[in-house]
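Coordinates from start21.txt are shown below (compact mmCIF, N, CA and C atoms).
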```
# COMPACT_ATOMS: atom_id res chain seq x y z
N MET A 1 0.85 -1.17 0.00
CA MET A 1 0.00 0.00 0.00
C MET A 1 0.90 1.23 0.00
N ASN A 2 0.57 2.19 -0.80
CA ASN A 2 1.34 3.43 -0.93
C ASN A 2 0.40 4.58 -0.63
N LYS A 3 0.41 5.08 0.61
CA LYS A 3 -0.48 6.15 1.06
C LYS A 3 0.31 7.14 1.88
N VAL A 4 0.17 8.42 1.54
CA VAL A 4 0.89 9.48 2.25
C VAL A 4 -0.12 10.53 2.69
N ILE A 5 -0.04 10.94 3.95
CA ILE A 5 -0.86 12.04 4.47
C ILE A 5 0.09 12.99 5.16
N LEU A 6 0.13 14.24 4.70
CA LEU A 6 1.04 15.24 5.24
C LEU A 6 0.28 16.50 5.63
N LEU A 7 0.67 17.08 6.76
CA LEU A 7 0.13 18.36 7.21
C LEU A 7 1.31 19.32 7.28
N GLY A 8 1.26 20.38 6.49
CA GLY A 8 2.38 21.31 6.47
C GLY A 8 1.98 22.66 5.88
N ARG A 9 2.97 23.53 5.76
CA ARG A 9 2.76 24.87 5.23
C ARG A 9 3.40 25.00 3.86
N LEU A 10 2.73 25.74 2.97
CA LEU A 10 3.26 25.97 1.64
C LEU A 10 4.49 26.86 1.73
N VAL A 11 5.55 26.45 1.07
CA VAL A 11 6.81 27.19 1.04
C VAL A 11 6.71 28.36 0.06
N ALA A 12 5.93 28.19 -1.01
CA ALA A 12 5.74 29.22 -2.03
C ALA A 12 4.37 29.00 -2.66
N ASP A 13 3.90 29.97 -3.43
CA ASP A 13 2.64 29.80 -4.15
C ASP A 13 2.78 28.65 -5.14
N PRO A 14 1.71 27.87 -5.34
CA PRO A 14 1.77 26.79 -6.33
C PRO A 14 1.98 27.35 -7.74
N GLU A 15 2.66 26.57 -8.57
CA GLU A 15 2.87 26.94 -9.97
C GLU A 15 2.04 25.99 -10.83
N ILE A 16 1.21 26.57 -11.70
CA ILE A 16 0.39 25.74 -12.57
C ILE A 16 0.96 25.77 -13.98
N ARG A 17 0.92 24.61 -14.63
CA ARG A 17 1.34 24.45 -16.02
C ARG A 17 0.32 23.56 -16.71
N TYR A 18 0.41 23.54 -18.02
CA TYR A 18 -0.51 22.71 -18.80
C TYR A 18 0.30 21.81 -19.73
N THR A 19 -0.13 20.55 -19.85
CA THR A 19 0.54 19.62 -20.75
C THR A 19 0.19 19.99 -22.18
N GLN A 20 0.79 19.31 -23.15
CA GLN A 20 0.47 19.55 -24.56
C GLN A 20 -0.98 19.21 -24.85
N SER A 21 -1.57 18.34 -24.05
CA SER A 21 -2.99 17.98 -24.20
C SER A 21 -3.90 18.91 -23.39
N ASN A 22 -3.33 20.01 -22.87
CA ASN A 22 -4.06 21.02 -22.09
C ASN A 22 -4.59 20.48 -20.76
N ILE A 23 -3.86 19.56 -20.14
CA ILE A 23 -4.23 19.04 -18.82
C ILE A 23 -3.47 19.85 -17.78
N PRO A 24 -4.19 20.46 -16.82
CA PRO A 24 -3.51 21.26 -15.80
C PRO A 24 -2.73 20.40 -14.80
N MET A 25 -1.56 20.92 -14.40
CA MET A 25 -0.71 20.29 -13.41
C MET A 25 -0.16 21.41 -12.51
N ALA A 26 -0.29 21.25 -11.22
CA ALA A 26 0.25 22.24 -10.28
C ALA A 26 1.30 21.58 -9.41
N ARG A 27 2.39 22.30 -9.18
CA ARG A 27 3.44 21.82 -8.28
C ARG A 27 3.62 22.83 -7.17
N PHE A 28 3.89 22.29 -5.98
CA PHE A 28 4.18 23.14 -4.83
C PHE A 28 4.97 22.33 -3.82
N ARG A 29 5.60 23.04 -2.90
CA ARG A 29 6.37 22.40 -1.83
C ARG A 29 5.73 22.74 -0.50
N ILE A 30 5.75 21.76 0.39
CA ILE A 30 5.27 22.03 1.74
C ILE A 30 6.36 21.66 2.75
N ALA A 31 6.39 22.43 3.83
CA ALA A 31 7.30 22.17 4.94
C ALA A 31 6.50 21.48 6.04
N VAL A 32 6.97 20.32 6.47
CA VAL A 32 6.29 19.53 7.49
C VAL A 32 7.22 19.44 8.69
N ASN A 33 6.74 19.89 9.85
CA ASN A 33 7.56 19.85 11.06
C ASN A 33 7.86 18.41 11.45
N ARG A 34 9.10 18.19 11.85
CA ARG A 34 9.52 16.89 12.35
C ARG A 34 9.10 16.78 13.81
N PRO A 35 8.74 15.58 14.24
CA PRO A 35 8.45 15.42 15.67
C PRO A 35 9.74 15.56 16.48
N GLY A 36 9.58 15.93 17.70
CA GLY A 36 10.75 16.04 18.58
C GLY A 36 10.97 17.46 19.04
N LYS A 37 12.01 17.60 19.80
CA LYS A 37 12.34 18.88 20.42
C LYS A 37 13.01 19.81 19.41
N PRO A 38 12.56 21.07 19.33
CA PRO A 38 13.22 22.03 18.43
C PRO A 38 14.67 22.27 18.84
N GLN A 39 15.54 22.47 17.86
CA GLN A 39 16.93 22.78 18.14
C GLN A 39 17.17 24.26 17.91
N ASP A 40 17.87 24.90 18.84
CA ASP A 40 18.18 26.33 18.76
C ASP A 40 16.92 27.17 18.60
N GLY A 41 15.81 26.73 19.19
CA GLY A 41 14.57 27.50 19.13
C GLY A 41 13.82 27.37 17.82
N GLN A 42 14.35 26.60 16.86
CA GLN A 42 13.70 26.42 15.56
C GLN A 42 13.24 24.97 15.41
N GLN A 43 12.00 24.80 14.97
CA GLN A 43 11.47 23.47 14.69
C GLN A 43 12.15 22.92 13.44
N ASN A 44 12.58 21.67 13.47
CA ASN A 44 13.14 21.02 12.29
C ASN A 44 12.00 20.64 11.36
N ALA A 45 12.24 20.75 10.05
CA ALA A 45 11.19 20.45 9.08
C ALA A 45 11.75 19.66 7.91
N ASP A 46 10.87 18.89 7.28
CA ASP A 46 11.18 18.21 6.03
C ASP A 46 10.38 18.92 4.95
N PHE A 47 10.94 18.97 3.74
CA PHE A 47 10.30 19.66 2.62
C PHE A 47 9.94 18.64 1.56
N PHE A 48 8.69 18.68 1.12
CA PHE A 48 8.19 17.70 0.16
C PHE A 48 7.67 18.39 -1.09
N GLN A 49 8.03 17.82 -2.24
CA GLN A 49 7.52 18.27 -3.53
C GLN A 49 6.17 17.59 -3.75
N VAL A 50 5.15 18.37 -4.11
CA VAL A 50 3.80 17.85 -4.28
C VAL A 50 3.31 18.20 -5.68
N THR A 51 2.63 17.25 -6.33
CA THR A 51 2.09 17.47 -7.66
C THR A 51 0.61 17.14 -7.67
N ALA A 52 -0.18 18.06 -8.23
CA ALA A 52 -1.63 17.85 -8.36
C ALA A 52 -2.00 17.94 -9.84
N TRP A 53 -3.01 17.20 -10.25
CA TRP A 53 -3.43 17.16 -11.64
C TRP A 53 -4.89 17.56 -11.79
N ARG A 54 -5.25 18.01 -12.96
CA ARG A 54 -6.61 18.31 -13.42
C ARG A 54 -7.32 19.29 -12.50
N ASN A 55 -8.55 18.95 -12.05
CA ASN A 55 -9.35 19.87 -11.24
C ASN A 55 -8.66 20.22 -9.92
N THR A 56 -7.97 19.25 -9.35
CA THR A 56 -7.26 19.50 -8.10
C THR A 56 -6.16 20.53 -8.33
N ALA A 57 -5.47 20.44 -9.47
CA ALA A 57 -4.41 21.40 -9.80
C ALA A 57 -4.98 22.81 -9.93
N GLU A 58 -6.11 22.94 -10.60
CA GLU A 58 -6.74 24.26 -10.75
C GLU A 58 -7.20 24.80 -9.41
N PHE A 59 -7.76 23.94 -8.56
CA PHE A 59 -8.20 24.35 -7.23
C PHE A 59 -7.03 24.85 -6.40
N VAL A 60 -5.94 24.07 -6.40
CA VAL A 60 -4.74 24.42 -5.63
C VAL A 60 -4.17 25.75 -6.10
N SER A 61 -4.06 25.94 -7.41
CA SER A 61 -3.47 27.17 -7.92
C SER A 61 -4.35 28.39 -7.65
N LYS A 62 -5.64 28.17 -7.55
CA LYS A 62 -6.57 29.29 -7.32
C LYS A 62 -6.66 29.70 -5.84
N TYR A 63 -6.62 28.72 -4.93
CA TYR A 63 -6.91 29.02 -3.53
C TYR A 63 -5.75 28.86 -2.55
N PHE A 64 -4.70 28.16 -2.92
CA PHE A 64 -3.59 27.96 -1.99
C PHE A 64 -2.53 29.04 -2.18
N ARG A 65 -1.99 29.54 -1.07
CA ARG A 65 -0.96 30.58 -1.10
C ARG A 65 0.15 30.25 -0.11
N LYS A 66 1.29 30.84 -0.36
CA LYS A 66 2.47 30.66 0.48
C LYS A 66 2.09 30.91 1.94
N GLY A 67 2.56 30.02 2.82
CA GLY A 67 2.34 30.18 4.26
C GLY A 67 1.10 29.48 4.78
N GLN A 68 0.17 29.12 3.90
CA GLN A 68 -1.04 28.45 4.36
C GLN A 68 -0.73 27.04 4.82
N GLN A 69 -1.46 26.61 5.85
CA GLN A 69 -1.32 25.23 6.30
C GLN A 69 -2.33 24.39 5.51
N VAL A 70 -1.84 23.29 4.95
CA VAL A 70 -2.68 22.41 4.14
C VAL A 70 -2.46 20.96 4.54
N LEU A 71 -3.47 20.15 4.28
CA LEU A 71 -3.36 18.72 4.46
C LEU A 71 -3.41 18.09 3.07
N VAL A 72 -2.43 17.26 2.78
CA VAL A 72 -2.30 16.62 1.48
C VAL A 72 -2.40 15.12 1.66
N GLU A 73 -3.25 14.49 0.85
CA GLU A 73 -3.40 13.05 0.87
C GLU A 73 -3.10 12.53 -0.53
N GLY A 74 -2.24 11.54 -0.62
CA GLY A 74 -1.88 11.02 -1.93
C GLY A 74 -0.97 9.82 -1.82
N TYR A 75 -0.09 9.68 -2.81
CA TYR A 75 0.85 8.56 -2.83
C TYR A 75 2.22 9.05 -3.24
N LEU A 76 3.24 8.29 -2.83
CA LEU A 76 4.63 8.63 -3.12
C LEU A 76 5.01 8.04 -4.46
N ARG A 77 5.69 8.86 -5.27
CA ARG A 77 6.14 8.41 -6.59
C ARG A 77 7.63 8.68 -6.72
N ASN A 78 8.38 7.70 -7.23
CA ASN A 78 9.81 7.84 -7.49
C ASN A 78 10.00 8.14 -8.97
N ASN A 79 10.84 9.11 -9.27
CA ASN A 79 11.14 9.46 -10.66
C ASN A 79 12.65 9.30 -10.88
N SER A 80 13.02 8.90 -12.08
CA SER A 80 14.43 8.84 -12.44
C SER A 80 14.59 9.32 -13.87
N TRP A 81 15.71 9.98 -14.14
CA TRP A 81 16.01 10.49 -15.47
C TRP A 81 17.51 10.68 -15.60
N THR A 82 17.95 10.88 -16.82
CA THR A 82 19.37 11.15 -17.09
C THR A 82 19.49 12.61 -17.49
N ASP A 83 20.37 13.35 -16.79
CA ASP A 83 20.53 14.78 -17.09
C ASP A 83 21.39 14.97 -18.34
N GLN A 84 21.64 16.23 -18.72
CA GLN A 84 22.38 16.55 -19.94
C GLN A 84 23.84 16.08 -19.89
N GLN A 85 24.37 15.93 -18.69
CA GLN A 85 25.74 15.45 -18.54
C GLN A 85 25.82 13.93 -18.49
N GLY A 86 24.69 13.24 -18.62
CA GLY A 86 24.68 11.79 -18.60
C GLY A 86 24.59 11.16 -17.23
N ASN A 87 24.36 11.99 -16.19
CA ASN A 87 24.24 11.48 -14.82
C ASN A 87 22.82 11.02 -14.55
N LYS A 88 22.69 9.91 -13.86
CA LYS A 88 21.38 9.40 -13.47
C LYS A 88 20.89 10.20 -12.27
N ARG A 89 19.67 10.75 -12.35
CA ARG A 89 19.08 11.56 -11.28
C ARG A 89 17.81 10.88 -10.78
N TYR A 90 17.51 11.13 -9.50
CA TYR A 90 16.33 10.56 -8.86
C TYR A 90 15.61 11.64 -8.07
N SER A 91 14.31 11.51 -7.96
CA SER A 91 13.54 12.40 -7.09
C SER A 91 12.31 11.65 -6.60
N ASP A 92 11.79 12.10 -5.48
CA ASP A 92 10.54 11.58 -4.93
C ASP A 92 9.57 12.74 -4.85
N GLU A 93 8.30 12.46 -5.11
CA GLU A 93 7.28 13.49 -4.98
C GLU A 93 5.97 12.85 -4.56
N ILE A 94 5.13 13.67 -3.97
CA ILE A 94 3.80 13.23 -3.55
C ILE A 94 2.82 13.58 -4.66
N HIS A 95 2.06 12.61 -5.14
CA HIS A 95 1.00 12.87 -6.10
C HIS A 95 -0.31 12.97 -5.33
N VAL A 96 -0.99 14.08 -5.47
CA VAL A 96 -2.16 14.41 -4.68
C VAL A 96 -3.39 13.64 -5.15
N GLU A 97 -4.12 13.11 -4.19
CA GLU A 97 -5.45 12.57 -4.44
C GLU A 97 -6.51 13.50 -3.84
N ASN A 98 -6.21 14.06 -2.65
CA ASN A 98 -7.11 15.01 -1.98
C ASN A 98 -6.28 16.09 -1.30
N VAL A 99 -6.81 17.30 -1.27
CA VAL A 99 -6.18 18.40 -0.55
C VAL A 99 -7.23 19.09 0.30
N PHE A 100 -6.80 19.65 1.43
CA PHE A 100 -7.71 20.31 2.35
C PHE A 100 -7.04 21.54 2.95
N PHE A 101 -7.83 22.58 3.24
CA PHE A 101 -7.34 23.70 4.02
C PHE A 101 -7.18 23.20 5.45
N ALA A 102 -6.11 23.59 6.12
CA ALA A 102 -5.88 23.14 7.49
C ALA A 102 -5.70 24.29 8.47
N ASP A 103 -5.66 25.53 7.99
CA ASP A 103 -5.57 26.68 8.89
C ASP A 103 -6.87 26.82 9.66
N SER A 104 -6.77 27.32 10.88
CA SER A 104 -7.99 27.67 11.59
C SER A 104 -8.52 28.96 10.99
N LYS A 105 -9.76 29.26 11.27
CA LYS A 105 -10.40 30.45 10.70
C LYS A 105 -9.65 31.72 11.08
N ARG A 106 -9.16 31.78 12.30
CA ARG A 106 -8.47 33.00 12.73
C ARG A 106 -7.08 33.13 12.10
N ASP A 107 -6.47 31.99 11.67
CA ASP A 107 -5.15 32.04 11.04
C ASP A 107 -5.20 32.56 9.62
N ASN A 108 -6.28 32.26 8.90
CA ASN A 108 -6.35 32.65 7.50
C ASN A 108 -7.59 33.47 7.22
N GLY A 109 -7.84 34.47 8.01
CA GLY A 109 -9.04 35.28 7.89
C GLY A 109 -9.28 35.85 6.51
N ASN A 110 -8.23 36.07 5.72
CA ASN A 110 -8.40 36.64 4.39
C ASN A 110 -8.47 35.60 3.29
N ALA A 111 -8.29 34.32 3.63
CA ALA A 111 -8.29 33.28 2.60
C ALA A 111 -9.71 32.98 2.16
N ALA A 112 -9.88 32.68 0.89
CA ALA A 112 -11.19 32.34 0.35
C ALA A 112 -11.55 30.92 0.74
N PRO A 113 -12.83 30.67 1.08
CA PRO A 113 -13.24 29.30 1.37
C PRO A 113 -13.31 28.50 0.08
N PRO A 114 -13.27 27.17 0.17
CA PRO A 114 -13.36 26.37 -1.04
C PRO A 114 -14.68 26.62 -1.77
N VAL A 115 -14.64 26.59 -3.07
CA VAL A 115 -15.81 26.89 -3.88
C VAL A 115 -16.91 25.87 -3.65
N SER A 116 -16.57 24.59 -3.61
CA SER A 116 -17.58 23.55 -3.55
C SER A 116 -18.09 23.28 -2.14
N ALA A 117 -17.41 23.77 -1.13
CA ALA A 117 -17.81 23.46 0.25
C ALA A 117 -18.53 24.64 0.87
N PRO A 118 -19.77 24.46 1.35
CA PRO A 118 -20.45 25.55 2.02
C PRO A 118 -19.76 25.89 3.32
N ASN A 119 -19.78 27.16 3.69
CA ASN A 119 -19.10 27.61 4.91
C ASN A 119 -20.09 27.67 6.05
N PHE A 120 -20.30 26.53 6.74
CA PHE A 120 -21.25 26.47 7.84
C PHE A 120 -20.78 27.28 9.04
N GLN A 121 -19.48 27.58 9.11
CA GLN A 121 -18.92 28.21 10.29
C GLN A 121 -18.85 29.72 10.18
N ALA A 122 -19.37 30.30 9.13
CA ALA A 122 -19.22 31.73 8.89
C ALA A 122 -19.72 32.58 10.04
N ASP A 123 -20.87 32.23 10.66
CA ASP A 123 -21.41 33.06 11.73
C ASP A 123 -21.16 32.47 13.11
N MET A 124 -20.39 31.42 13.21
CA MET A 124 -20.17 30.76 14.48
C MET A 124 -18.99 31.37 15.23
N PRO A 125 -19.15 31.62 16.53
CA PRO A 125 -18.02 32.15 17.30
C PRO A 125 -16.96 31.07 17.54
N ASP A 126 -15.72 31.48 17.41
CA ASP A 126 -14.58 30.59 17.66
C ASP A 126 -14.38 30.52 19.16
N ASN A 127 -14.29 29.30 19.71
CA ASN A 127 -14.12 29.18 21.16
C ASN A 127 -12.66 29.23 21.58
N GLY A 128 -11.74 29.55 20.66
CA GLY A 128 -10.34 29.73 21.01
C GLY A 128 -9.44 28.57 20.67
N ASP A 129 -10.01 27.40 20.40
CA ASP A 129 -9.15 26.26 20.09
C ASP A 129 -9.28 25.82 18.64
N GLY A 130 -9.86 26.67 17.78
CA GLY A 130 -9.98 26.35 16.37
C GLY A 130 -11.26 25.61 16.02
N PHE A 131 -12.09 25.27 17.01
CA PHE A 131 -13.35 24.60 16.76
C PHE A 131 -14.49 25.59 16.93
N TYR A 132 -15.60 25.30 16.28
CA TYR A 132 -16.73 26.20 16.30
C TYR A 132 -17.96 25.46 16.79
N ALA A 133 -18.69 26.09 17.69
CA ALA A 133 -19.90 25.48 18.20
C ALA A 133 -21.00 25.59 17.16
N LEU A 134 -21.77 24.52 17.00
CA LEU A 134 -22.90 24.54 16.07
C LEU A 134 -24.18 24.64 16.87
N SER A 135 -25.09 25.49 16.42
CA SER A 135 -26.37 25.61 17.10
C SER A 135 -27.25 24.45 16.67
N GLU A 136 -28.18 24.05 17.53
CA GLU A 136 -29.04 22.91 17.22
C GLU A 136 -30.12 23.26 16.22
N ASP A 137 -30.37 24.53 15.97
CA ASP A 137 -31.43 24.91 15.03
C ASP A 137 -30.88 25.18 13.63
N ASP A 138 -29.68 24.76 13.34
CA ASP A 138 -29.05 24.98 12.03
C ASP A 138 -29.66 24.00 11.03
N GLU A 139 -30.47 24.51 10.11
CA GLU A 139 -31.16 23.67 9.14
C GLU A 139 -30.25 23.29 7.97
N ASP A 140 -29.04 23.87 7.87
CA ASP A 140 -28.13 23.56 6.79
C ASP A 140 -27.37 22.27 7.00
N LEU A 141 -27.42 21.71 8.22
CA LEU A 141 -26.68 20.50 8.49
C LEU A 141 -27.30 19.31 7.76
N PRO A 142 -26.48 18.43 7.21
CA PRO A 142 -27.00 17.31 6.42
C PRO A 142 -27.55 16.15 7.24
N PHE A 143 -27.57 16.26 8.56
CA PHE A 143 -28.07 15.14 9.37
C PHE A 143 -29.01 15.64 10.43
```
Same coordinates, now as structure tokens:
Amino acid sequence: MNKVILLGRLVADPEIRYTQSNIPMARFRIAVNRPGKPQDGQQNADFFQVTAWRNTAEFVSKYFRKGQQVLVEGYLRNNSWTDQQGNKRYSDEIHVENVFFADSKRDNGNAAPPVSAPNFQADMPDNGDGFYALSEDDEDLPF
């Protein structure tokens, strides 16, 4: 089984490109904190290259920005190629299956909500821990 789930912050804005067949592809890097004690007051992090395709690529390029915390779900892919000098090169990247906003509402107050997801929390007061209380008379809930 090849399954990767990462929670991290975007190092830069995603870059979108299109294949010759006009299929969108977005690439971005995320920094994921390593578990353990920070050294010299700085948290250690690993940096991962992430690739999204088609509708996910367009969504990522439209709504994700540098510094945002995101959750990425996908699989690990190994790539190999020969460079112009004849050296064999290797890289690993995460291919996205699902992406999610992971910032709390107060962290990304200016960020746009996802287009397809209704914002049930728009009028709800934040209780300070990133969760929002739902009133029992909310008719928008699906259950």
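Between atom N of A:Ala45 and atom CA of A:Glu97 there is a distance of 24.3 Å.
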Legend entry - Test item: residues at most 6 Å from A:Pro14, all atoms listed in the file, excluding those fewer than 2 positions along its chain, as a list of chain:residue names: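 The neighbour list is A:Ala12, A:Ile16, A:Ala26, A:Arg27, A:Phe28, A:Ser61, A:Phe64, A:Arg65, A:Lys66.
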Inset, instruction - Run DSSP on the backbone and give me the residues of stretch 20-106 of chain A it puts in strand (DSSP E or B), as a ChimeraX atom specification. - result: /A:24-33,39,42,45-53,69-82,88-101
Legend entry - Contacts of stretch 47-54 of chain A within 8 Å, only N, CA and C atoms, excl. fewer than 5 positions in-chain, as an MDAnalysis selection string: chainID A and resid 22:33 59:60 92:97
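Compared by their closest atoms to A:Gln69, and using all atoms listed in the file, the residues A:Ser104, A:Asn2, A:Gln85, A:Asp13 rank with A:Ser104 nearest.
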Inset, instruction - Can you work out the spacing between atom CA of A:Tyr90 and atom C of A:Leu76 in Å, to one decimal? - result: 12.4 Å
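The two atoms in question, atom C of A:Phe101 and atom CA of A:Leu71, are spaced 6.0 Å apart.
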Inset, instruction - Go through A:Ala57, A:Asn98, A:Val11, A:Lys62 and flag the residue nearest A:Gly74, using only N, CA and C atoms for the distances. - result: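 Using only N, CA and C atoms, A:Gly74 sits closest to A:Asn98.
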